[in-house]
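Single-structure report; data block below.
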Amino acid sequence: MSSVKTLKINGKDVSARTDDTILQVIREHDIFLPTLCHIEGLSAVGACRLCLVEINGSSKLRSACVTQVEEGMEVVTDNERLQKYRRMILEMLFVEGNHVCAVCVANGYCELQWLAERLGVDHTRLIYLHPDKHVDASHYRYAIDHNRCILCARCVRVCGEIEGAHTWDVAGRGINAHVVTDLNTSWDSSPTCTECGKCVQVCPTGALFKKSRAIGEMAKDNHFLPYLKTMREVNKNDR
Amino acid sequence: MDREEFEEIAQRSRDEAAAFAVHVNICTSSGCVASGCEHVKKQAEAEVQSRGLQHTCRINGVGCQGLCGSGPIVSVQPDNVLYHKVKPDDVADILDHVGQASVPHLELRQDSPFFERQQRVVLANAGKIDPEEIETAMAAGAYGALLKVTTEMMPPEVCKVITDSGLRGRGGAGYPTGLKWGTVAKATNSTKFVVCNGDEGDPGAFMDRSIMESDPHRVLEGMAIAGYAVGASEGFVYVRAEYALAIKRLKRAIHQAEKRGLLGKNIFGSTFSFSIELRLGAGAFVCGEETALMASIEGRRGNPRPRPPFPSESGLWGHPTLINNVETFANVAPIITNGSAWFANIGTETSKGTKVFALSGKVNRVGLIEVPMGISLREIVMEIGGGIPNGNQFKAVQTGGPSGGCIPADYLDTPVDYESLRKLGSIMGSGGMVVMDDTSSMVSVAHYFMAFNMDESCGKCIPCRVGTIQMVELLKRFTAQRATHDDLVLLEELCDMVSQTSLCGLGQSAPNPVISTLRYFRDEYLRCIAPVTESA
């Protein structure tokens, strides 16, 4: 079987490895496609629905992060319909939490904020839910502000897949879903947390943050992820 | 167990039954339990004892006989008389009339369309056998189809019979069952699984529950045949924990089948081994979605994941998995026994066989019915259901539960098949059928189902998590008569966006109740828009 495929993205011919996802190819060719739950190095879950693309003119949308390339595939990453859906998704994220950029620790370093700017989301017609959410600042180094959490579950995955601690998980369902440490106990009492801080580095918003840092120091640093993933795979192959 | 022993047990059970001149069959399914059938059964047993009839009259606990709305239902054989709304005090009366004219005020006439228009394939043994005694099921032919496939047929032949029968998935989407079986059978992996989806959760739906309660062996037999056909040796029945009676009977049925060697190692002396495990759902509707269901069986949070890969390629713990609904499995044994041509003869061109519906709402006869595909909605509602009570007018019938839609009076003559219902913006669904009359507000109906979907969203993907609550909030404005035209525009945009972008079937079909009521009852929405007041 051939180990490479050729396909078209936005009318342009590109090549890809058989096991590549559409998103990998898109990123390789510097085509802009918004994502919030995806992060290179962690398993893909297709939850944020921002990377939905049209394939072969079908009206059924597929998320690029979990869809494997196929020979002769024709992918459209951007059109009016997709833009409209993406803007609505961002609007939904803004109204379900309490996102106030002006007083947020991640102001200027927030992926949600960047995408909203980039996609032109400057107001919403949706109904603000103003939920009553809490902050867990019990840990001496880190804190979580659930008001800013968008449930991308990156923290859950990095903790389980990279650090191997599985401190984080999701509890509740629907609009009441939220991330919890261990069995929904306070962060400082977690016996599994190794305080590695990876969850803070992968968080796309200001939900997870380091305490006592000025806003200018809030730039996220997650360059380590692809290396850790590679190391993990090398280890697996050695065994 | 071999063929001789199998037939001997069945014959012995038949002989035992024949030794009694009179059989009083009392329904012991959930509907009748709720209306007190257990007291009736106790009273009947005591009465038979006190009259010294214990050697001539047998009291049997049986499965659902339909008409759940007027339970407890009792039938007397060989008189072939059916009684309804039986109270413990009525038992003496009933026994007095055995072999004579029936008790007039209790009798349920069987020449009514409710019974005459039905065709029982899946429910053939429901109401006839004791679901807690495997011998009575065997006497009625249970496990005969399993004997046939393991001793006379090769797995590809079994797949072919199912394909030729035209059976389609009874869980709602109508995927061709034979195609699914063939796909799993062709996978070269050595470990495969069979899963039975009994996580029925649509409001107003109780078909699968009744099947599992009335004839659990038919479901187990269907799974074992599927296991043989696709090359799986392990199966899981996933049932929601709320179905206590169904769980109890399935457990008992699995235990009895294992004891008799009808499940387990080397079934009927063949090389085929198959075991079945019961797994309980913890009350999440989304676990009826196949990928969420499998995550739940694996012991993880019941969240759906994107497909592909489909379960037939990568299912439980990454192995190819065949997943079918309870009713689909219940159709398997009769198809094997009677042949694919017999089954393909029932129904329409594209939808074969029968379908079990749970008829409820504003209709005179509420209950469980099994009808051939292609029957019209009018026949179901007006004839079998006996029309609308209190002289009210029929308005709509809701099919497919929270993923389905409402079909108005203009389309009552539509034949019930997968394609026709889809064309009308609804779906066959698993078989819930809720009738509404002219006193029902369709906006409230849409609000009810949307609120249901909101509560049952798992929260993994944003369109479903937030979209459903936004739609519920908008619908609240409509039911409060203070909506605006902008609200209607936004509602329609959300319908489109949520259905197009959600991750799993729950979210993709969540707006259907709104879309279909907007399609047929738009004027009701418009009447909920508050008049614009000119302010100075």
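Quick note on naming: the chains in the structure tokens go A, B, ... in the order shown, residues restart at 1 in each chain, and ligands are numbered from 1 in order of appearance.
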Identify, on the basis of only C-alpha atoms, every residue whose closest approach to range 175-184 of chain A does not exceed 8 Å; exclude the query and any residue fewer than 2 positions from it along the same chain; express the result as a list in words. Glu96, His146, Leu151, Ala153, Val156, His166, Thr167, Trp168, Asp169, Val170, Ala171, Gly172, Arg173, Ser186, Trp187, Ser190 and Thr192 of chain A; Met454, Ser457, Cys458, Gly459, Arg465, Val466 and Ile469 of chain B
Neighbours of range 184-191 of chain B within 6 Å (only C-alpha atoms; same-chain residues fewer than 2 positions away dropped), as a PDB file with all heavy atoms, in the first residue's frame?
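Saved to selection.pdb:
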```pdb
ATOM      1  N   TRP B 181     -23.528  -6.837   9.913  1.00  0.00           N
ATOM      2  CA  TRP B 181     -23.016  -8.152  10.297  1.00  0.00           C
ATOM      3  C   TRP B 181     -21.883  -8.568   9.365  1.00  0.00           C
ATOM      4  O   TRP B 181     -20.842  -9.058   9.810  1.00  0.00           O
ATOM      5  CB  TRP B 181     -24.127  -9.210  10.240  1.00  0.00           C
ATOM      6  CG  TRP B 181     -25.120  -9.129  11.348  1.00  0.00           C
ATOM      7  CD1 TRP B 181     -25.510  -8.003  12.012  1.00  0.00           C
ATOM      8  CD2 TRP B 181     -25.856 -10.213  11.932  1.00  0.00           C
ATOM      9  NE1 TRP B 181     -26.444  -8.313  12.949  1.00  0.00           N
ATOM     10  CE2 TRP B 181     -26.683  -9.661  12.926  1.00  0.00           C
ATOM     11  CE3 TRP B 181     -25.899 -11.588  11.700  1.00  0.00           C
ATOM     12  CZ2 TRP B 181     -27.545 -10.451  13.696  1.00  0.00           C
ATOM     13  CZ3 TRP B 181     -26.767 -12.366  12.458  1.00  0.00           C
ATOM     14  CH2 TRP B 181     -27.574 -11.813  13.440  1.00  0.00           C
ATOM     15  N   GLY B 182     -22.095  -8.357   8.052  1.00  0.00           N
ATOM     16  CA  GLY B 182     -21.092  -8.733   7.073  1.00  0.00           C
ATOM     17  C   GLY B 182     -19.778  -8.000   7.280  1.00  0.00           C
ATOM     18  O   GLY B 182     -18.694  -8.578   7.149  1.00  0.00           O
ATOM     19  N   VAL B 230     -20.693 -13.504  13.074  1.00  0.00           N
ATOM     20  CA  VAL B 230     -19.578 -12.560  12.892  1.00  0.00           C
ATOM     21  C   VAL B 230     -18.274 -13.082  13.487  1.00  0.00           C
ATOM     22  O   VAL B 230     -17.217 -12.491  13.275  1.00  0.00           O
ATOM     23  CB  VAL B 230     -19.884 -11.164  13.487  1.00  0.00           C
ATOM     24  CG1 VAL B 230     -21.158 -10.588  12.889  1.00  0.00           C
ATOM     25  CG2 VAL B 230     -19.971 -11.197  15.005  1.00  0.00           C
ATOM     26  N   SER B 312     -17.804  -1.211  13.919  1.00  0.00           N
ATOM     27  CA  SER B 312     -17.551  -2.454  13.199  1.00  0.00           C
ATOM     28  C   SER B 312     -16.068  -2.604  12.836  1.00  0.00           C
ATOM     29  O   SER B 312     -15.598  -3.692  12.557  1.00  0.00           O
ATOM     30  CB  SER B 312     -18.398  -2.506  11.922  1.00  0.00           C
ATOM     31  OG  SER B 312     -18.210  -1.321  11.183  1.00  0.00           O
TER      32      SER B 312
END
```
Using only C-alpha atoms, pick whichever of B:Thr177, B:Gln470, B:Thr151, B:Asn325 has the shortest atom-to-atom distance to chain A.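 Once distances to chain A are computed over only C-alpha atoms, the minimum belongs to B:Gln470.
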Nearest to chain A: which of B:Pro203, B:Gly405, B:Gly283, B:Pro308 is it, counting only C-alpha atoms?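 Result for the nearest residue to chain A: B:Pro308.
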Range 37-103 of chain B: residues DSSP assigns to alpha helix (DSSP H), reported as a count of residues only: 21
Using backbone DSSP assignments, extract all strand (DSSP E or B) residues from range 273-445 of chain B; output them as a PyMOL selection string. chain B and resi 274-281+321-325+347+352+354-361+367-372+376+394-399+405-408+415+432-437
Select, from A:Arg17, A:His99, A:Arg27, A:Arg125, the residue with the minimum atom-to-atom distance to chain B, counting only C-alpha atoms.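 Looking at the shortest contact to chain B, the residue is A:Arg125.
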Select, as an NGL selection string, those residues of chain B with any atom no more than 9 Å from chain A (distances computed using only C-alpha atoms). :B and (301 or 305-308 or 454-467 or 469-470 or 473-474 or 490 or 494 or 497-498 or 500-503)
Please provide the set of residues having any atom within 12 Å of range 199-201 of chain B, restricted to only C-alpha atoms, with same-chain residues fewer than 3 positions apart removed, written as a VMD selection string. chain B and resid 170 to 172 195 to 196 204 to 212 237 to 243 246 to 247 278 to 290 292 to 294 296 to 297 324 to 327 358 400 to 403 429 to 432 452 to 453 456 506
